[in-house]
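For reference, the structure discussed in these notes is given below.
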Amino acid sequence: MRRLAWFALFSSALLMGQFESVAAADNNLTLVDQGRSDYTIVLPEKPTPVEKTAASELQTYLEKATGARLPIASEKEAAGEKKILVGATVKGQKLLGDLKLDQLDYDGIVLKRFGDRIVLAGHPQRGTLYAVYTFLEEQLGVRWWAPDCEMVPNRATFSIGQLDKVHAPKLRIREPYTRVMHDKMLAVRNKCNGSSNRIPAEFGGHQRFCMFVHTFYPLLPPKEYFKDHPEWYSLIDGKRQHERGQLCLTNKAMRKELIKNVLKRLRKDPTAALISISQNDWYGRCQCEKCKAIEEAEGSPAGLLLDCVNEVAREVEKEFPDVLVETLAYRYTRKPPKTVRPRGNVVVRLCSIECSFAQPLESDVNAEFGDDIREWAKISPQLYIWDYVTNFSNYLLPHPNLRVLAPNIRFFENHNVIGLFEEGDCATNMGEFVRMRAWLLAHLMWDSSQDTFALVEEFLNGYYGPAGPHLKEYLTIMNDSIEGSDYHLDCFNQTTKAFLDLDTINRATRAFDRAEKAVADQPELATRVDRTRMSLDLLWIRRWHELHDKADRTGKPFLGPENPEALVESYIARARKYGINHWRTGQTFDDLYVSRLRSLAQKPAAPPKACVGLPKNEWVDFGPARLEIHHLGTWAKLAEDPQAASKTVIFMPGDHKEGAVNAFLEPGELTGGPWRCFVVARAEATAQEGPAMSMGVYDPINEKNLAVRSVSVEEATGGYKTYDLGAHDLSQKTNVWVAPPKRKGEVDGVYIDRIFFVKEK
């Protein structure tokens, strides 16, 4: 981990103000004077491994900052009064009086000064270590920003004022699930303790799962059981099946085998603290009469799930009384049941995946989720939350959710939540401000009363140096863009058009330009700023044609690159340099994605015939560069086609029926209508008749299609044709989609050249 000595000269105003206030306090206690110290770090006679680690970490960072290496001794060995008492020392406990360490809340800490003596201690498992890290942060000014970057100020003389802090986090399990926080040392020093943090025992360990989430099929694999016991799996449309299905939770024999396999797993993993008994990550629940009857009686499928989990948990408790059994309140099981209640050793993990993350989860926009957490809190004394803090459709696109993070955590804490899993950029080391987000979440989960943007400012100034104030301006612009709106910013957001217009992106670009200029003569900081700028660059790449066209139409400035092809090539080279591995969930930064990026920079084709001669404000063309592609490489991919006006088209194989190609229209994009919608496409098929593709105009606000058209093989083959989807009011959010017919072996594929819109006169 790199130590930044230059922070002695440049640090955040917040930290420097803190140091100055300490130095000015009355009755200061000098621990180190000009690199020398009379203090001893004192441990109990029989210290735990965690207490030993805490003393070592304190010694290491005091020496890094001041040059003084304080000795570590046991209570019997340590002489004199100048002591830092670390852990459950006899003397420390006497000084604390009625404040008993073993009675502190989980992960609680104590930092107190008694004359010349200091007590740094806490809850037996890892509280002492957290007390030391808190002391190093708040008194010495140490920061652990990222796996490769820590801040240790140079302070040859180190004094403290009064010290009187007792704190316990409200969340027992704190897990920012990002690739950055998979670094165990960064995680523990920022007081994270989740399963993915993999913290060693001498650093306090972590809350470890025996099996983690979506465990129905891992516990009862269909390959092993379905042939002989199809009745253990979902009845769907009158047939027992396991593909995209669940378990038949009313089947008693299935439950018996499930319990046997759960106990077998736990016996092989006796140190696990939790095991998950939870639905697969899709729908497909059982529709048999018994299952339906219980679901209807309980008013939610969660009733049947919880009844099954309770039975498993009852048997687990007999053999493993300290193990918690976790299940999910997720999608179709999110609503709490009427009468079934979780047992004492059952933890319900409520998931917020359907919510809008531009507004707080207790706001009216997220009223259904808010009601669900309130109802679960009434019946469940210990809840976990699975929350979502990134855009899984593209990790690098701007995702302005910073202002809801602290309110959401406080909302969780006020409703019996003891464990929080914040799923972020877990598959990549390159997301939008991913290092800052991981650090910020860790600090808010430790103490949610802190001000989000004060923490953001602290990180930006600390990690980016003189570029920090300009990056703060950039983030303020981005988060202001969605403030007060009712835009549904989900965690699979496909477009930024609704909240980032040309004016906003121009202002954000100016701020980033100033950030780059501020560190131009500092290579390490310049690299960090350049790496972080890739989010803004991707925004310009994805929307270059649209924004350039907007600037042309309105006469507004265009601060994007003059040459989009050059920006794309630079972006690809930098992505490889910085080691971007995934650009979205489940999709790597591979040649397929590189070809998609290059296609975004291609010049648009000549106007459609229907638009030739029309004023620019009366038609809009979405070629392949402006169309959205879902599941790139499986549902759809780019293809070269000399028959098409664009030459590069989007191809969808005929073996599925997903609307994988879309033209997204945001509010205000097409006004003064109605506008007529056209799709230019063709199909290749061996079949002589039947459907070749379908297409439509979808209103996501009212969740209905404004138009749907099925195109037959006879119509779709023989070259590109233009299909009219009618005229509609498109002033609100709208999606025009195209889908293949799921006719494997009959329809080879569908080719999309463009989707365009013409204003009705």
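Identifiers for the structure tokens are assigned positionally: chains receive A, B, ... in sequence, residues are indexed from 1 per chain, and ligands are indexed from 1 in the order shown.
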
Inset, instruction - Would you kindly return, as a VMD selection string, each protein, DNA or RNA residue with an atom no farther than 10 Å from any atom of Thr134 (chain A), considering only C-alpha atoms and excluding same-chain residues fewer than 6 positions away? - result: chain A and resid 109 to 111 120 128 140 to 142 165 189 to 191

I'd like the neighbourhood of Ala272 (chain A) as a short mmCIF file (atom, residue, chain, number, x, y, z; two decimals) with C-alpha atoms, in the first residue's frame, where a residue qualifies if any of its atoms comes within 12 Å (using only C-alpha atoms), though same-chain residues fewer than 6 positions away should be ignored.
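Okay, selection_25.cif is ready:
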data_model
loop_
_atom_site.label_atom_id
_atom_site.label_comp_id
_atom_site.auth_asym_id
_atom_site.auth_seq_id
_atom_site.Cartn_x
_atom_site.Cartn_y
_atom_site.Cartn_z
CA SER A 195 -18.72 -12.43 4.01
CA GLY A 205 -12.76 -12.40 11.01
CA HIS A 206 -15.98 -11.82 9.11
CA GLN A 207 -19.58 -13.01 9.13
CA ARG A 208 -19.18 -16.08 6.95
CA PHE A 209 -21.86 -17.99 5.06
CA CYS A 210 -21.82 -21.73 4.55
CA MET A 211 -23.92 -21.17 1.40
CA PHE A 212 -24.69 -17.73 0.06
CA ARG A 265 -23.28 -28.87 4.51
CA LEU A 266 -23.02 -27.35 7.98
CA PHE A 320 -26.05 -25.71 15.37
CA PRO A 321 -27.64 -23.34 17.89
CA ASP A 322 -25.41 -20.40 16.93
CA VAL A 323 -26.05 -20.58 13.18
CA LEU A 324 -28.57 -18.21 11.62
CA VAL A 325 -30.69 -19.39 8.71
#

Legend entry - Close residues, region 63-66 of chain A itself excluded, 6 Å, only C-alpha atoms, min 2 positions apart in chain, as a PyMOL selection string: chain A and resi 35+60-61+68-69+152-156

So that I have them on file, write out the residues from the current selection with all heavy atoms, as a compact mmCIF listing (two decimals), in the first residue's frame.
# COMPACT_ATOMS: atom_id res chain seq x y z
N GLY A 35 9.72 13.09 17.26
CA GLY A 35 10.13 11.73 16.91
C GLY A 35 10.49 10.84 18.08
O GLY A 35 10.97 9.72 17.88
N THR A 60 2.65 0.34 14.27
CA THR A 60 3.10 0.55 12.89
C THR A 60 2.76 1.94 12.39
O THR A 60 3.61 2.65 11.82
CB THR A 60 2.46 -0.51 11.97
OG1 THR A 60 2.94 -1.80 12.35
CG2 THR A 60 2.81 -0.25 10.50
N TYR A 61 1.51 2.37 12.60
CA TYR A 61 1.09 3.65 12.03
C TYR A 61 1.59 4.84 12.83
O TYR A 61 1.83 5.92 12.26
CB TYR A 61 -0.42 3.67 11.81
CG TYR A 61 -0.78 2.93 10.55
CD1 TYR A 61 -1.13 1.58 10.58
CD2 TYR A 61 -0.69 3.55 9.32
CE1 TYR A 61 -1.41 0.89 9.42
CE2 TYR A 61 -0.96 2.87 8.14
CZ TYR A 61 -1.33 1.54 8.19
OH TYR A 61 -1.59 0.86 7.03
N ALA A 68 8.50 7.56 15.66
CA ALA A 68 8.72 6.93 16.98
C ALA A 68 8.12 5.54 16.99
O ALA A 68 6.94 5.37 16.65
CB ALA A 68 8.09 7.78 18.07
N ARG A 69 8.90 4.55 17.42
CA ARG A 69 8.39 3.18 17.52
C ARG A 69 8.12 2.88 19.00
O ARG A 69 9.06 2.64 19.78
CB ARG A 69 9.38 2.19 16.94
CG ARG A 69 8.86 0.75 16.93
CD ARG A 69 9.79 -0.18 16.15
NE ARG A 69 9.30 -1.55 16.12
CZ ARG A 69 8.39 -2.01 15.27
NH1 ARG A 69 7.86 -1.19 14.37
NH2 ARG A 69 7.99 -3.27 15.30
N VAL A 152 -0.92 8.89 5.42
CA VAL A 152 -0.32 8.94 6.75
C VAL A 152 0.41 10.27 6.87
O VAL A 152 1.51 10.43 6.33
CB VAL A 152 0.65 7.77 6.99
CG1 VAL A 152 1.17 7.80 8.43
CG2 VAL A 152 -0.03 6.43 6.72
N PRO A 153 -0.15 11.25 7.56
CA PRO A 153 0.51 12.55 7.68
C PRO A 153 1.85 12.44 8.41
O PRO A 153 2.01 11.62 9.31
CB PRO A 153 -0.48 13.39 8.49
CG PRO A 153 -1.79 12.70 8.31
CD PRO A 153 -1.48 11.25 8.19
N ASN A 154 2.80 13.26 8.01
CA ASN A 154 4.08 13.35 8.71
C ASN A 154 3.92 14.26 9.92
O ASN A 154 3.71 15.46 9.78
CB ASN A 154 5.16 13.91 7.78
CG ASN A 154 5.50 12.95 6.67
OD1 ASN A 154 5.51 11.74 6.88
ND2 ASN A 154 5.78 13.47 5.49
N ARG A 155 4.03 13.69 11.12
CA ARG A 155 3.80 14.48 12.34
C ARG A 155 4.83 14.08 13.39
O ARG A 155 4.59 13.20 14.21
CB ARG A 155 2.39 14.23 12.87
CG ARG A 155 1.30 14.52 11.85
CD ARG A 155 -0.08 14.37 12.44
NE ARG A 155 -0.31 15.38 13.47
CZ ARG A 155 -1.37 15.37 14.28
NH1 ARG A 155 -2.25 14.39 14.21
NH2 ARG A 155 -1.53 16.32 15.18
N ALA A 156 5.97 14.71 13.33
CA ALA A 156 7.04 14.38 14.27
C ALA A 156 6.60 14.61 15.71
O ALA A 156 7.08 13.94 16.63
CB ALA A 156 8.29 15.20 13.97

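When only C-alpha atoms are used to measure the gap to Tyr593 (chain A), the shortest distance among A:Cys491, A:Val649, A:Ile629, A:Ile701 belongs to A:Ile629.
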
Show me, as a PDB file with N, CA, C and O atoms, in the first residue's frame, the residues that have an atom within 8 Å of Pro147 (chain A) when counting only C-alpha atoms, minus same-chain residues fewer than 6 positions from it.
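Output below, filename part_7.pdb:
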ATOM      1  N   MET A   1       0.844  -1.197   0.000  1.00  0.00           N
ATOM      2  CA  MET A   1       0.000   0.000   0.000  1.00  0.00           C
ATOM      3  C   MET A   1       0.872   1.236   0.000  1.00  0.00           C
ATOM      4  O   MET A   1       1.776   1.354   0.790  1.00  0.00           O
ATOM      5  N   VAL A 180     -13.301  -3.375  -5.034  1.00  0.00           N
ATOM      6  CA  VAL A 180     -12.309  -2.658  -4.240  1.00  0.00           C
ATOM      7  C   VAL A 180     -12.266  -3.197  -2.816  1.00  0.00           C
ATOM      8  O   VAL A 180     -11.188  -3.438  -2.250  1.00  0.00           O
ATOM      9  N   ASP A 183     -10.434  -6.359  -1.139  1.00  0.00           N
ATOM     10  CA  ASP A 183      -9.116  -6.273  -0.515  1.00  0.00           C
ATOM     11  C   ASP A 183      -9.308  -6.321   1.004  1.00  0.00           C
ATOM     12  O   ASP A 183      -9.867  -5.405   1.604  1.00  0.00           O
ATOM     13  N   MET A 185      -7.435  -6.032   3.659  1.00  0.00           N
ATOM     14  CA  MET A 185      -6.859  -5.029   4.554  1.00  0.00           C
ATOM     15  C   MET A 185      -7.594  -3.702   4.429  1.00  0.00           C
ATOM     16  O   MET A 185      -7.820  -3.007   5.422  1.00  0.00           O
ATOM     17  N   LEU A 186      -7.966  -3.334   3.222  1.00  0.00           N
ATOM     18  CA  LEU A 186      -8.757  -2.118   3.071  1.00  0.00           C
ATOM     19  C   LEU A 186     -10.095  -2.274   3.781  1.00  0.00           C
ATOM     20  O   LEU A 186     -10.567  -1.344   4.455  1.00  0.00           O
TER      21      LEU A 186
END

Legend entry - Per-residue DSSP, region 560-749 of chain A, filtered to alpha helix (DSSP H), as a ChimeraX atom specification: /A:564-578,591-600,713-716

Write out the residues from the selection above, keeping N, CA and C atoms, as an mmCIF file, in the first residue's frame.
data_model
loop_
_atom_site.group_PDB
_atom_site.id
_atom_site.type_symbol
_atom_site.label_atom_id
_atom_site.label_comp_id
_atom_site.auth_asym_id
_atom_site.auth_seq_id
_atom_site.Cartn_x
_atom_site.Cartn_y
_atom_site.Cartn_z
ATOM 1 N N PRO A 564 -15.124 11.475 -32.710
ATOM 2 C CA PRO A 564 -15.569 10.387 -31.838
ATOM 3 C C PRO A 564 -14.778 9.101 -32.035
ATOM 4 N N GLU A 565 -14.307 8.868 -33.269
ATOM 5 C CA GLU A 565 -13.513 7.659 -33.503
ATOM 6 C C GLU A 565 -12.231 7.685 -32.681
ATOM 7 N N ALA A 566 -11.578 8.853 -32.596
ATOM 8 C CA ALA A 566 -10.338 8.970 -31.815
ATOM 9 C C ALA A 566 -10.611 8.767 -30.332
ATOM 10 N N LEU A 567 -11.737 9.292 -29.837
ATOM 11 C CA LEU A 567 -12.080 9.098 -28.431
ATOM 12 C C LEU A 567 -12.307 7.620 -28.126
ATOM 13 N N VAL A 568 -12.993 6.931 -29.019
ATOM 14 C CA VAL A 568 -13.246 5.506 -28.805
ATOM 15 C C VAL A 568 -11.932 4.731 -28.743
ATOM 16 N N GLU A 569 -11.020 5.005 -29.656
ATOM 17 C CA GLU A 569 -9.754 4.278 -29.655
ATOM 18 C C GLU A 569 -8.952 4.586 -28.387
ATOM 19 N N SER A 570 -8.983 5.844 -27.955
ATOM 20 C CA SER A 570 -8.320 6.208 -26.697
ATOM 21 C C SER A 570 -8.963 5.484 -25.523
ATOM 22 N N TYR A 571 -10.279 5.431 -25.539
ATOM 23 C CA TYR A 571 -11.016 4.772 -24.448
ATOM 24 C C TYR A 571 -10.654 3.288 -24.366
ATOM 25 N N ILE A 572 -10.608 2.632 -25.502
ATOM 26 C CA ILE A 572 -10.281 1.202 -25.534
ATOM 27 C C ILE A 572 -8.865 0.970 -25.003
ATOM 28 N N ALA A 573 -7.928 1.808 -25.439
ATOM 29 C CA ALA A 573 -6.538 1.657 -24.988
ATOM 30 C C ALA A 573 -6.423 1.879 -23.482
ATOM 31 N N ARG A 574 -7.115 2.877 -22.969
ATOM 32 C CA ARG A 574 -7.051 3.155 -21.528
ATOM 33 C C ARG A 574 -7.745 2.069 -20.730
ATOM 34 N N ALA A 575 -8.840 1.534 -21.256
ATOM 35 C CA ALA A 575 -9.534 0.445 -20.568
ATOM 36 C C ALA A 575 -8.610 -0.752 -20.391
ATOM 37 N N ARG A 576 -7.834 -1.046 -21.411
ATOM 38 C CA ARG A 576 -6.885 -2.159 -21.318
ATOM 39 C C ARG A 576 -5.738 -1.824 -20.368
ATOM 40 N N LYS A 577 -5.298 -0.576 -20.411
ATOM 41 C CA LYS A 577 -4.232 -0.134 -19.513
ATOM 42 C C LYS A 577 -4.664 -0.255 -18.053
ATOM 43 N N TYR A 578 -5.894 0.147 -17.761
ATOM 44 C CA TYR A 578 -6.371 0.157 -16.383
ATOM 45 C C TYR A 578 -6.992 -1.175 -15.950
ATOM 46 N N ASP A 591 -13.590 -8.447 -27.188
ATOM 47 C CA ASP A 591 -13.609 -7.952 -28.564
ATOM 48 C C ASP A 591 -15.024 -7.605 -29.020
ATOM 49 N N LEU A 592 -16.009 -8.329 -28.498
ATOM 50 C CA LEU A 592 -17.394 -8.051 -28.864
ATOM 51 C C LEU A 592 -17.806 -6.656 -28.402
ATOM 52 N N TYR A 593 -17.427 -6.326 -27.167
ATOM 53 C CA TYR A 593 -17.771 -5.001 -26.651
ATOM 54 C C TYR A 593 -16.948 -3.916 -27.337
ATOM 55 N N VAL A 594 -15.703 -4.219 -27.640
ATOM 56 C CA VAL A 594 -14.874 -3.257 -28.365
ATOM 57 C C VAL A 594 -15.510 -2.918 -29.713
ATOM 58 N N SER A 595 -16.034 -3.927 -30.402
ATOM 59 C CA SER A 595 -16.680 -3.663 -31.695
ATOM 60 C C SER A 595 -17.925 -2.812 -31.506
ATOM 61 N N ARG A 596 -18.641 -3.014 -30.402
ATOM 62 C CA ARG A 596 -19.811 -2.189 -30.127
ATOM 63 C C ARG A 596 -19.400 -0.742 -29.878
ATOM 64 N N LEU A 597 -18.343 -0.526 -29.116
ATOM 65 C CA LEU A 597 -17.873 0.832 -28.878
ATOM 66 C C LEU A 597 -17.494 1.521 -30.188
ATOM 67 N N ARG A 598 -16.807 0.788 -31.050
ATOM 68 C CA ARG A 598 -16.410 1.381 -32.333
ATOM 69 C C ARG A 598 -17.628 1.716 -33.195
ATOM 70 N N SER A 599 -18.646 0.899 -33.087
ATOM 71 C CA SER A 599 -19.852 1.174 -33.880
ATOM 72 C C SER A 599 -20.541 2.457 -33.426
ATOM 73 N N LEU A 600 -20.398 2.810 -32.150
ATOM 74 C CA LEU A 600 -21.050 4.010 -31.636
ATOM 75 C C LEU A 600 -20.482 5.277 -32.262
ATOM 76 N N VAL A 713 -43.074 -14.037 -42.094
ATOM 77 C CA VAL A 713 -41.907 -14.415 -42.894
ATOM 78 C C VAL A 713 -42.040 -13.874 -44.313
ATOM 79 N N GLU A 714 -43.276 -13.966 -44.867
ATOM 80 C CA GLU A 714 -43.479 -13.479 -46.235
ATOM 81 C C GLU A 714 -43.152 -11.988 -46.346
ATOM 82 N N GLU A 715 -43.531 -11.197 -45.315
ATOM 83 C CA GLU A 715 -43.257 -9.762 -45.342
ATOM 84 C C GLU A 715 -41.776 -9.454 -45.118
ATOM 85 N N ALA A 716 -41.144 -10.192 -44.228
ATOM 86 C CA ALA A 716 -39.837 -9.791 -43.705
ATOM 87 C C ALA A 716 -38.663 -10.239 -44.552
#

Legend entry - Selection near Leu471 (chain A), 9 Å with only C-alpha atoms, sequence-local residues under 3 positions removed, as a list in words: Glu457, Leu460, Asn461, Tyr464, Ala467, Gly468, Tyr474, Leu475, Thr476, Ala511, Phe512, Arg514, Ala515 and Val529 of chain A

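Among the candidate residues A:Leu525, A:Ala313, A:Ala358, A:Ala406, the one lying nearest to Val346 (chain A) is A:Ala313, with distances computed using only C-alpha atoms.
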
Each residue of region 124-215 of chain A lying at most 10 Å from region 281-298 of chain A should get a row with its shortest atom-to-atom pair and the distance in Å to one decimal, counting only C-alpha atoms; could you produce that, ordered by chain and increasing number, as CSV?
residue,atom,partner,partner_atom,distance
A:Val213,CA,A:Asp281,CA,8.7
A:His214,CA,A:Asp281,CA,5.9
A:Thr215,CA,A:Asp281,CA,9.2

Generate the output file for the selected residues, C-alpha atoms, as a short mmCIF file (atom, residue, chain, number, x, y, z; two decimals), in the first residue's frame.
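Once written, again.cif looks like this:
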data_model
loop_
_atom_site.label_atom_id
_atom_site.label_comp_id
_atom_site.auth_asym_id
_atom_site.auth_seq_id
_atom_site.Cartn_x
_atom_site.Cartn_y
_atom_site.Cartn_z
CA VAL A 213 -27.99 -16.84 -1.65
CA HIS A 214 -30.13 -18.56 -4.34
CA THR A 215 -29.49 -21.99 -2.86
#

Inset, instruction - Name the residues in contact with Leu361 (chain A) at a cut-off of 7 Å, using only C-alpha atoms, excluding same-chain residues fewer than 3 positions from it; report them as a VMD selection string. - result: chain A and resid 366 370 408

Those same residues - C-alpha atoms - I'd like them written as a compact mmCIF listing (two decimals), in the first residue's frame.
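Listing of selection.txt after writing:
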# COMPACT_ATOMS: atom_id res chain seq x y z
CA ASN A 366 -40.66 3.92 -3.42
CA GLY A 370 -41.18 1.39 2.20
CA ASN A 408 -31.42 4.88 3.07

Legend entry - Exercise: Gly92 (chain A) partners within 12 Å, only C-alpha atoms, chain neighbours under 6 positions left out, as number ranges by chain: A: 42-44, 75, 83-86, 98-101, 110-114, 117-122

For the selection just defined, write its residues with N, CA and C atoms to a file, as a PDB file, in the first residue's frame.
ATOM      1  N   VAL A  42       0.301  -1.121  25.839  1.00  0.00           N
ATOM      2  CA  VAL A  42       0.149  -2.165  26.858  1.00  0.00           C
ATOM      3  C   VAL A  42      -0.989  -3.105  26.479  1.00  0.00           C
ATOM      4  N   LEU A  43      -0.683  -4.409  26.530  1.00  0.00           N
ATOM      5  CA  LEU A  43      -1.654  -5.452  26.242  1.00  0.00           C
ATOM      6  C   LEU A  43      -2.016  -6.222  27.512  1.00  0.00           C
ATOM      7  N   PRO A  44      -3.156  -6.927  27.538  1.00  0.00           N
ATOM      8  CA  PRO A  44      -3.468  -7.824  28.654  1.00  0.00           C
ATOM      9  C   PRO A  44      -2.417  -8.929  28.778  1.00  0.00           C
ATOM     10  N   GLU A  75       0.846  -6.056  30.703  1.00  0.00           N
ATOM     11  CA  GLU A  75       0.583  -5.203  31.868  1.00  0.00           C
ATOM     12  C   GLU A  75       1.655  -5.355  32.939  1.00  0.00           C
ATOM     13  N   LYS A  83       0.965   5.205  29.331  1.00  0.00           N
ATOM     14  CA  LYS A  83       0.568   3.945  28.708  1.00  0.00           C
ATOM     15  C   LYS A  83      -0.629   4.166  27.783  1.00  0.00           C
ATOM     16  N   ILE A  84      -0.612   3.409  26.692  1.00  0.00           N
ATOM     17  CA  ILE A  84      -1.809   3.273  25.856  1.00  0.00           C
ATOM     18  C   ILE A  84      -2.309   1.849  26.079  1.00  0.00           C
ATOM     19  N   LEU A  85      -3.387   1.727  26.822  1.00  0.00           N
ATOM     20  CA  LEU A  85      -3.921   0.424  27.225  1.00  0.00           C
ATOM     21  C   LEU A  85      -4.826  -0.110  26.119  1.00  0.00           C
ATOM     22  N   VAL A  86      -4.393  -1.176  25.477  1.00  0.00           N
ATOM     23  CA  VAL A  86      -5.083  -1.719  24.307  1.00  0.00           C
ATOM     24  C   VAL A  86      -5.774  -3.027  24.684  1.00  0.00           C
ATOM     25  N   ASP A  98     -17.865   1.309  35.450  1.00  0.00           N
ATOM     26  CA  ASP A  98     -19.066   0.521  35.145  1.00  0.00           C
ATOM     27  C   ASP A  98     -19.221   0.211  33.655  1.00  0.00           C
ATOM     28  N   LEU A  99     -18.380   0.785  32.823  1.00  0.00           N
ATOM     29  CA  LEU A  99     -18.448   0.523  31.387  1.00  0.00           C
ATOM     30  C   LEU A  99     -17.722  -0.793  31.081  1.00  0.00           C
ATOM     31  N   LYS A 100     -18.482  -1.870  30.966  1.00  0.00           N
ATOM     32  CA  LYS A 100     -17.921  -3.208  30.791  1.00  0.00           C
ATOM     33  C   LYS A 100     -17.794  -3.551  29.306  1.00  0.00           C
ATOM     34  N   LEU A 101     -16.601  -3.987  28.915  1.00  0.00           N
ATOM     35  CA  LEU A 101     -16.348  -4.274  27.506  1.00  0.00           C
ATOM     36  C   LEU A 101     -17.230  -5.393  26.977  1.00  0.00           C
ATOM     37  N   VAL A 110     -14.387   1.811  22.577  1.00  0.00           N
ATOM     38  CA  VAL A 110     -14.185   2.768  23.659  1.00  0.00           C
ATOM     39  C   VAL A 110     -12.833   3.439  23.443  1.00  0.00           C
ATOM     40  N   LEU A 111     -12.820   4.770  23.410  1.00  0.00           N
ATOM     41  CA  LEU A 111     -11.585   5.547  23.362  1.00  0.00           C
ATOM     42  C   LEU A 111     -11.683   6.596  24.471  1.00  0.00           C
ATOM     43  N   LYS A 112     -10.859   6.458  25.500  1.00  0.00           N
ATOM     44  CA  LYS A 112     -10.927   7.387  26.621  1.00  0.00           C
ATOM     45  C   LYS A 112      -9.519   7.730  27.111  1.00  0.00           C
ATOM     46  N   ARG A 113      -9.408   8.937  27.619  1.00  0.00           N
ATOM     47  CA  ARG A 113      -8.150   9.396  28.218  1.00  0.00           C
ATOM     48  C   ARG A 113      -8.357   9.640  29.707  1.00  0.00           C
ATOM     49  N   PHE A 114      -7.432   9.118  30.502  1.00  0.00           N
ATOM     50  CA  PHE A 114      -7.432   9.329  31.950  1.00  0.00           C
ATOM     51  C   PHE A 114      -6.062   9.874  32.325  1.00  0.00           C
ATOM     52  N   ARG A 117      -2.893   8.408  30.734  1.00  0.00           N
ATOM     53  CA  ARG A 117      -3.195   7.070  30.207  1.00  0.00           C
ATOM     54  C   ARG A 117      -4.354   7.135  29.216  1.00  0.00           C
ATOM     55  N   ILE A 118      -4.237   6.285  28.201  1.00  0.00           N
ATOM     56  CA  ILE A 118      -5.263   6.205  27.158  1.00  0.00           C
ATOM     57  C   ILE A 118      -5.772   4.765  27.101  1.00  0.00           C
ATOM     58  N   VAL A 119      -7.072   4.602  26.989  1.00  0.00           N
ATOM     59  CA  VAL A 119      -7.689   3.284  26.840  1.00  0.00           C
ATOM     60  C   VAL A 119      -8.283   3.182  25.446  1.00  0.00           C
ATOM     61  N   LEU A 120      -7.839   2.173  24.699  1.00  0.00           N
ATOM     62  CA  LEU A 120      -8.395   1.844  23.389  1.00  0.00           C
ATOM     63  C   LEU A 120      -8.871   0.401  23.461  1.00  0.00           C
ATOM     64  N   ALA A 121     -10.164   0.204  23.519  1.00  0.00           N
ATOM     65  CA  ALA A 121     -10.703  -1.140  23.740  1.00  0.00           C
ATOM     66  C   ALA A 121     -12.075  -1.244  23.085  1.00  0.00           C
ATOM     67  N   GLY A 122     -12.680  -2.432  23.207  1.00  0.00           N
ATOM     68  CA  GLY A 122     -13.994  -2.592  22.605  1.00  0.00           C
ATOM     69  C   GLY A 122     -14.568  -3.970  22.798  1.00  0.00           C
TER      70      GLY A 122
END

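We find CA of Pro691 (chain A) and CA of Ala605 (chain A) to be spaced 28.5 Å apart.
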
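If you measure from each of A:Leu500, A:Ala681, A:Val736, A:Ile477 to Tyr698 (chain A) using only C-alpha atoms, the closest one turns out to be A:Val736.
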